[in-house]
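Novice: Next comes the structure file input_20.txt, holding compact mmCIF, C-alpha atoms.
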# COMPACT_ATOMS: atom_id res chain seq x y z
CA MET P 1 -3.22 163.64 79.73
CA HIS P 2 -3.94 160.11 80.89
CA GLY P 3 -1.99 157.94 83.35
CA ILE P 4 -1.43 154.21 83.72
CA LYS P 5 -2.10 153.44 87.37
CA VAL P 6 1.22 152.11 88.59
CA LEU P 7 3.29 153.19 91.58
CA LEU P 8 5.24 155.73 89.57
CA LEU P 9 3.55 159.11 89.71
CA LEU P 10 5.21 160.49 86.59
CA LEU P 11 4.54 157.50 84.37
CA MET P 12 1.97 159.33 82.29
CA ILE P 13 0.88 158.46 78.78
CA VAL P 14 1.07 161.61 76.71
CA SER P 15 -2.28 162.33 75.24
CA LEU P 16 -1.02 164.82 72.76
CA GLY P 17 -2.85 167.71 71.25
CA LEU P 18 -2.53 170.96 73.06
CA VAL P 19 0.43 170.97 75.41
CA ILE P 20 3.25 168.54 74.67
CA THR P 21 5.37 169.40 71.65
CA GLY P 22 8.61 168.35 70.10
CA CYS P 23 11.79 170.36 70.17
CA LYS P 24 10.92 173.86 71.32
CA ASP P 25 13.52 175.44 69.05
CA SER P 26 12.27 173.85 65.84
CA ILE P 27 11.36 176.16 62.98
CA PRO P 28 7.59 176.31 62.41
CA GLU P 29 6.86 174.64 59.10
CA SER P 30 3.11 174.39 58.65
CA ASP P 31 0.71 177.26 58.10
CA LEU P 32 -0.83 176.44 61.48
CA ASP P 33 2.56 176.55 63.24
CA GLN P 34 3.37 179.89 61.65
CA PHE P 35 -0.03 181.28 62.62
CA ILE P 36 0.45 180.17 66.24
CA VAL P 37 3.90 181.79 66.38
CA ARG P 38 2.45 185.10 65.13
CA MET P 39 -0.40 185.03 67.64
CA GLU P 40 1.82 184.02 70.57
CA ALA P 41 4.07 187.02 69.86
CA LEU P 42 1.19 189.33 70.84
CA ASP P 43 0.35 190.38 74.37
CA SER P 44 -2.62 188.59 75.92
CA ASP P 45 -5.24 191.26 75.17
CA ALA P 46 -4.08 191.77 71.58
CA LYS P 47 -3.94 188.02 71.07
CA ALA P 48 -7.50 187.51 72.33
CA ASP P 49 -8.85 190.38 70.20
CA SER P 50 -6.98 189.20 67.10
CA LEU P 51 -8.16 185.60 67.47
CA GLN P 52 -11.75 186.74 67.88
CA ALA P 53 -11.58 189.00 64.82
CA ILE P 54 -9.92 186.34 62.67
CA ALA P 55 -12.32 183.63 63.84
CA ASN P 56 -15.30 185.79 62.94
CA GLY P 57 -13.80 186.93 59.65
CA GLY P 58 -14.32 183.64 57.85
CA GLY P 59 -10.98 183.74 56.05
CA ALA P 60 -8.44 180.97 55.54
CA SER P 61 -7.03 181.46 59.04
CA ALA P 62 -10.41 181.34 60.80
CA PRO P 63 -10.14 177.60 61.64
CA TYR P 64 -6.71 178.22 63.15
CA ALA P 65 -8.12 180.98 65.34
CA LYS P 66 -10.96 178.72 66.50
CA TYR P 67 -8.41 176.02 67.25
CA MET P 68 -6.29 178.34 69.37
CA GLN P 69 -9.37 179.56 71.23
CA GLY P 70 -10.27 175.96 71.92
CA ASN P 71 -6.77 175.28 73.18
CA SER P 72 -7.07 178.16 75.66
CA PHE P 73 -10.15 176.54 77.18
CA TYR P 74 -8.53 173.10 77.06
CA THR P 75 -5.45 174.35 78.90
CA ALA P 76 -7.67 175.95 81.53
CA ALA P 77 -9.60 172.68 81.85
CA ALA P 78 -6.36 170.76 82.42
CA ASP P 79 -5.30 173.27 85.09
CA SER P 80 -8.68 172.88 86.80
CA ALA P 81 -8.48 169.08 86.58
CA ARG P 82 -5.18 169.09 88.44
CA LEU P 83 -7.06 170.44 91.45
CA GLY P 84 -10.46 168.79 91.23
CA GLY P 85 -10.20 166.08 88.57
CA TRP P 86 -11.81 165.98 85.14
CA GLY P 87 -15.24 165.58 86.72
CA SER P 88 -15.17 168.90 88.58
CA GLY P 89 -17.68 171.51 87.49
CA GLY P 90 -15.00 173.89 86.29
CA SER P 91 -13.23 171.29 84.20
CA THR P 92 -16.47 170.01 82.69
CA ALA P 93 -17.57 173.48 81.59
CA LEU P 94 -14.16 174.32 80.16
CA LEU P 95 -14.04 171.05 78.22
CA ASP P 96 -17.46 171.86 76.79
CA SER P 97 -16.18 175.24 75.62
CA ALA P 98 -13.06 173.68 74.13
CA GLU P 99 -15.22 171.18 72.27
CA THR P 100 -17.34 174.01 70.83
CA TYR P 101 -14.31 175.74 69.34
CA PHE P 102 -12.61 172.58 68.07
CA SER P 103 -15.87 171.46 66.46
CA ALA P 104 -16.25 174.87 64.82
CA ALA P 105 -12.71 174.61 63.45
CA VAL P 106 -13.45 171.18 61.97
CA ALA P 107 -16.73 172.44 60.53
CA MET P 108 -14.74 175.09 58.68
CA ASP P 109 -12.05 172.62 57.56
CA SER P 110 -12.92 168.92 57.67
CA SER P 111 -9.23 168.02 57.11
CA PHE P 112 -8.02 169.95 60.17
CA VAL P 113 -6.31 166.99 61.79
CA GLU P 114 -4.99 168.83 64.86
CA ALA P 115 -8.48 169.93 65.87
CA ILE P 116 -9.86 166.43 65.27
CA VAL P 117 -7.13 164.92 67.48
CA ASN P 118 -7.97 167.37 70.25
CA LEU P 119 -11.63 166.39 70.06
CA GLY P 120 -10.51 162.82 70.64
CA SER P 121 -8.27 163.92 73.48
CA LEU P 122 -10.99 165.81 75.33
CA TRP P 123 -13.35 162.83 75.07
CA ASP P 124 -10.48 160.75 76.41
CA ASP P 125 -10.25 163.14 79.36
CA ARG P 126 -13.99 162.96 79.91
CA SER P 127 -13.68 159.19 80.21
CA GLU P 128 -11.66 159.80 83.39
CA GLN P 129 -14.72 161.29 85.09
CA LEU P 130 -16.28 159.23 87.86
CA THR P 131 -19.45 158.07 86.14
CA SER P 132 -21.04 154.75 85.25
CA ARG P 133 -19.10 152.12 83.33
CA ASP P 134 -21.44 152.48 80.36
CA ASP P 135 -20.93 156.25 80.32
CA ARG P 136 -17.16 155.89 80.44
CA LYS P 137 -17.28 153.38 77.60
CA THR P 138 -19.34 155.80 75.52
CA LYS P 139 -16.73 158.50 76.07
CA VAL P 140 -13.85 156.16 75.22
CA ASP P 141 -15.68 155.15 72.05
CA GLN P 142 -16.03 158.82 71.13
CA ALA P 143 -12.32 159.38 71.70
CA GLU P 144 -11.43 156.41 69.51
CA LYS P 145 -13.81 157.64 66.83
CA PHE P 146 -12.08 161.01 66.58
CA TYR P 147 -8.58 159.49 66.62
CA ARG P 148 -9.62 157.24 63.74
CA LEU P 149 -11.15 160.19 61.89
CA ALA P 150 -7.84 162.00 62.26
CA LEU P 151 -6.00 158.99 60.90
CA ASP P 152 -8.40 158.85 57.96
CA VAL P 153 -7.25 162.39 57.15
CA SER P 154 -3.57 161.76 57.90
CA PRO P 155 -2.61 158.08 58.39
CA THR P 156 0.88 159.00 59.63
CA ASP P 157 -0.19 161.61 62.18
CA GLU P 158 1.89 160.85 65.27
CA LYS P 159 -0.39 162.51 67.79
CA ALA P 160 -3.49 160.67 66.63
CA ARG P 161 -1.75 157.30 66.43
CA CYS P 162 0.04 157.62 69.78
CA ASN P 163 -3.13 158.81 71.49
CA LEU P 164 -4.97 155.82 70.05
CA GLY P 165 -2.20 153.55 71.28
CA SER P 166 -2.42 155.12 74.72
CA LEU P 167 -6.15 154.51 74.78
CA TYR P 168 -5.56 150.85 73.90
CA LEU P 169 -2.93 150.55 76.60
CA ARG P 170 -5.35 151.76 79.25
CA GLN P 171 -7.78 149.13 78.01
CA ARG P 172 -5.05 146.49 78.45
CA ARG P 173 -4.99 145.94 74.69
CA VAL P 174 -1.20 145.84 74.83
CA SER P 175 -0.61 144.26 71.43
CA ASP P 176 -2.85 146.83 69.71
CA ALA P 177 -1.13 149.65 71.58
CA LYS P 178 2.32 148.44 70.58
CA ASN P 179 1.22 148.18 66.95
CA GLU P 180 0.22 151.85 66.98
CA PHE P 181 3.49 153.01 68.54
CA MET P 182 5.59 150.86 66.20
CA SER P 183 3.63 152.16 63.22
CA VAL P 184 4.75 155.67 64.16
CA LEU P 185 8.36 154.56 64.48
CA GLU P 186 8.27 152.83 61.10
CA ASN P 187 7.44 156.19 59.57
CA ASN P 188 9.62 158.26 61.90
CA PRO P 189 12.24 156.39 63.97
CA ARG P 190 13.05 159.68 65.75
CA SER P 191 9.57 160.12 67.20
CA SER P 192 10.15 161.04 70.85
CA LEU P 193 6.42 160.63 71.48
CA ALA P 194 6.33 157.03 70.26
CA HIS P 195 9.46 156.12 72.22
CA TYR P 196 7.93 157.73 75.31
CA ASN P 197 4.75 155.73 74.99
CA LEU P 198 6.64 152.50 74.39
CA ALA P 199 8.49 153.21 77.62
CA ILE P 200 5.14 153.56 79.40
CA MET P 201 4.09 150.20 78.01
CA PHE P 202 7.28 148.53 79.25
CA ALA P 203 7.05 150.22 82.65
CA GLU P 204 3.47 149.07 83.07
CA ALA P 205 4.71 145.53 82.41
CA LYS P 206 7.53 146.11 84.93
CA ILE P 207 10.15 145.65 82.20
CA TYR P 208 12.08 148.59 83.54
CA ARG P 209 15.34 148.30 81.59
CA GLU P 210 13.46 148.40 78.29
CA ALA P 211 11.44 151.35 79.58
CA ILE P 212 14.61 153.25 80.45
CA ALA P 213 16.09 152.52 77.02
CA GLU P 214 12.99 153.96 75.31
CA TRP P 215 12.94 157.03 77.53
CA GLU P 216 16.61 157.60 76.77
CA LEU P 217 15.73 157.66 73.07
CA ALA P 218 12.91 160.11 73.82
CA VAL P 219 15.45 162.37 75.56
CA LYS P 220 17.85 162.01 72.62
CA TYR P 221 15.24 163.09 70.09
CA ASP P 222 13.59 165.80 72.24
CA PRO P 223 16.43 167.07 74.45
CA ASP P 224 14.90 170.49 75.13
CA GLY P 225 11.20 169.67 74.98
CA ASP P 226 8.52 168.56 77.39
CA ILE P 227 8.70 164.91 76.36
CA GLY P 228 12.45 164.84 76.93
CA GLN P 229 12.04 166.41 80.36
CA ARG P 230 9.30 163.99 81.38
CA SER P 231 11.46 161.13 80.16
CA GLU P 232 14.41 162.25 82.26
CA ASP P 233 12.14 162.51 85.31
CA ASN P 234 10.76 159.04 84.72
CA ILE P 235 14.20 157.51 84.21
CA LYS P 236 15.21 158.81 87.63
CA ILE P 237 12.04 157.47 89.25
CA VAL P 238 12.43 154.02 87.68
CA LYS P 239 16.12 153.78 88.59
CA ASP P 240 15.28 154.72 92.17
CA LEU P 241 12.56 152.07 92.16
CA MET P 242 14.95 149.43 90.80
CA ASN P 243 17.46 150.27 93.53
CA THR P 244 14.90 150.04 96.31
CA PRO P 245 15.68 146.97 98.45
CA LEU P 246 13.09 144.22 98.60
CA PRO P 247 11.83 143.10 102.05
CA GLY P 248 14.58 140.46 102.15
CA GLY P 249 17.26 143.04 101.48
CA GLU P 250 17.71 142.29 97.78
CA LYS P 251 17.28 144.90 95.05
CA LYS P 252 14.71 144.65 92.28
CA SER P 253 16.14 143.34 89.02
CA HIS P 254 14.29 143.83 85.76
Show how you would write the structure in this file as structure tokens.

Specialist:
Amino acid sequence: MHGIKVLLLLLMIVSLGLVITGCKDSIPESDLDQFIVRMEALDSDAKADSLQAIANGGGASAPYAKYMQGNSFYTAAADSARLGGWGSGGSTALLDSAETYFSAAVAMDSSFVEAIVNLGSLWDDRSEQLTSRDDRKTKVDQAEKFYRLALDVSPTDEKARCNLGSLYLRQRRVSDAKNEFMSVLENNPRSSLAHYNLAIMFAEAKIYREAIAEWELAVKYDPDGDIGQRSEDNIKIVKDLMNTPLPGGEKKSH
């Protein structure tokens, strides 16, 4: 996940691939969703053994198993990064392992858009490491490459398009970012992810009332999910910020 550096700690752009989802109670529709539900119903040891056997079996579900294995490493990398940042040795090694599994999944199925998006996301995370400007640019370029590859496969994929918009927003390419988010909403006006990211864009510009309105829509369309919860948290933070008196005693008004 990647954050715009403003004063609000929870104003985070959702780089979506492995953690944030929509409504948690939604019925799994795709073959991948159904596979994940079956695997998650197993205990941890049975799940690990089953994923390994399926991944090595070479059948139709093998890419899904590789993808889930990659997600396990990616989740562990994110947990490690919360303590030491994306440049810590533990996070770096875990990202490398995640990349290996995602790449294997894509090698098995070149149209596996979820795995391609996650490859973009992990390169996005690598760009947060404290390295040279040229190295960070190379990593950002890699992230953009994979997001665009995902959109070549599925032009309406919300995760790929919102992640690309988030990348643009961090580069201060605000118009390009907005175009990506609006493109998602043109196809799906109920996209909580696109509304969330639009709110980030408005908050970064200190247009707080518009940000709150977008987060409220994100809550409306994802009332029980992670995006809805983050939106509610951010609404509270922004309202508190708006009600904070200025040095002269006046309140902020945006």

Novice: Output as AutoDock Vina command-line options the centre and edge lengths (Å, one decimal) of the box along x, y and z of the file that holds every listed atom of segment 179-193 of chain P after adding 8 Å on each side.

Specialist:
--center_x 6.6 --center_y 154.6 --center_z 65.5 --size_x 28.8 --size_y 28.9 --size_z 27.9

Novice: So, counting only C-alpha atoms, which residue among P:Met108, P:Gly90, P:Ser72, P:Asp157 is closest to Gly58 of chain P?

Specialist: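 Closest residue, counting only C-alpha atoms: P:Met108.
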
Novice: Sorted by chain and rising residue number, list the residues of segment 84-197 of chain P at most 7 Å from segment 221-242 of chain P (counting only C-alpha atoms), each with its closest atom pair and distance in Å to one decimal, as a tab-separated table.

Specialist:
residue	atom	partner	partner_atom	distance
P:Arg190	CA	P:Tyr221	CA	5.9
P:Ser192	CA	P:Tyr221	CA	5.5
P:Leu193	CA	P:Ile227	CA	6.9
P:Tyr196	CA	P:Ser231	CA	6.9

Novice: Which polymer residues have any atom within 12 Å of an atom of Glu210 of chain P, counting all atoms listed in the file, with same-chain residues fewer than 6 positions away left out, as an NGL selection string?

Specialist: :P and (195-204 or 216-217 or 235 or 238-239 or 254)

Novice: Excluding Ala65 of chain P and residues on its chain fewer than 3 positions from it, collect all residues at most 7 Å away from it, counting only C-alpha atoms, and give them as a list in words.

Specialist: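 Once the adjacent positions are removed, what remains is Leu51, Ile54, Ala55, Ser61, Ala62, Met68 and Gln69 of chain P.
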
Novice: Could you list, as a PyMOL selection string, every residue within 8 Å of Ser191 of chain P, counting all atoms listed in the file and ignoring same-chain residues fewer than 6 positions away?

Specialist: chain P and resi 158+184-185+218+221

Novice: Quick one, how far is atom CA of Asp31 of chain P from atom CA of Glu99 of chain P?

Specialist: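 Atom CA of Glu99 of chain P lies at a distance of 22.2 Å from atom CA of Asp31 of chain P.
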
Novice: Please report the interatomic distance between atom CA of Ser127 of chain P and atom CA of Leu167 of chain P in Å with one decimal.

Specialist: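 Answer for the atom CA of Ser127 of chain P to atom CA of Leu167 of chain P separation: 10.4 Å.
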
Novice: One decimal, Å: what's the distance from atom CA of Ala115 of chain P over to atom CA of Leu95 of chain P, could you say?

Specialist: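 Computing the Euclidean distance for atom CA of Ala115 of chain P and atom CA of Leu95 of chain P yields 13.6 Å.
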
Novice: Please identify all polymer residues within 10 Å of Thr138 of chain P, counting only C-alpha atoms, omitting same-chain residues fewer than 6 positions from it, and present them as a list in words.

Specialist: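 The neighbour list is Trp123, Arg126, Ser127, Ser132 and Glu144 of chain P.
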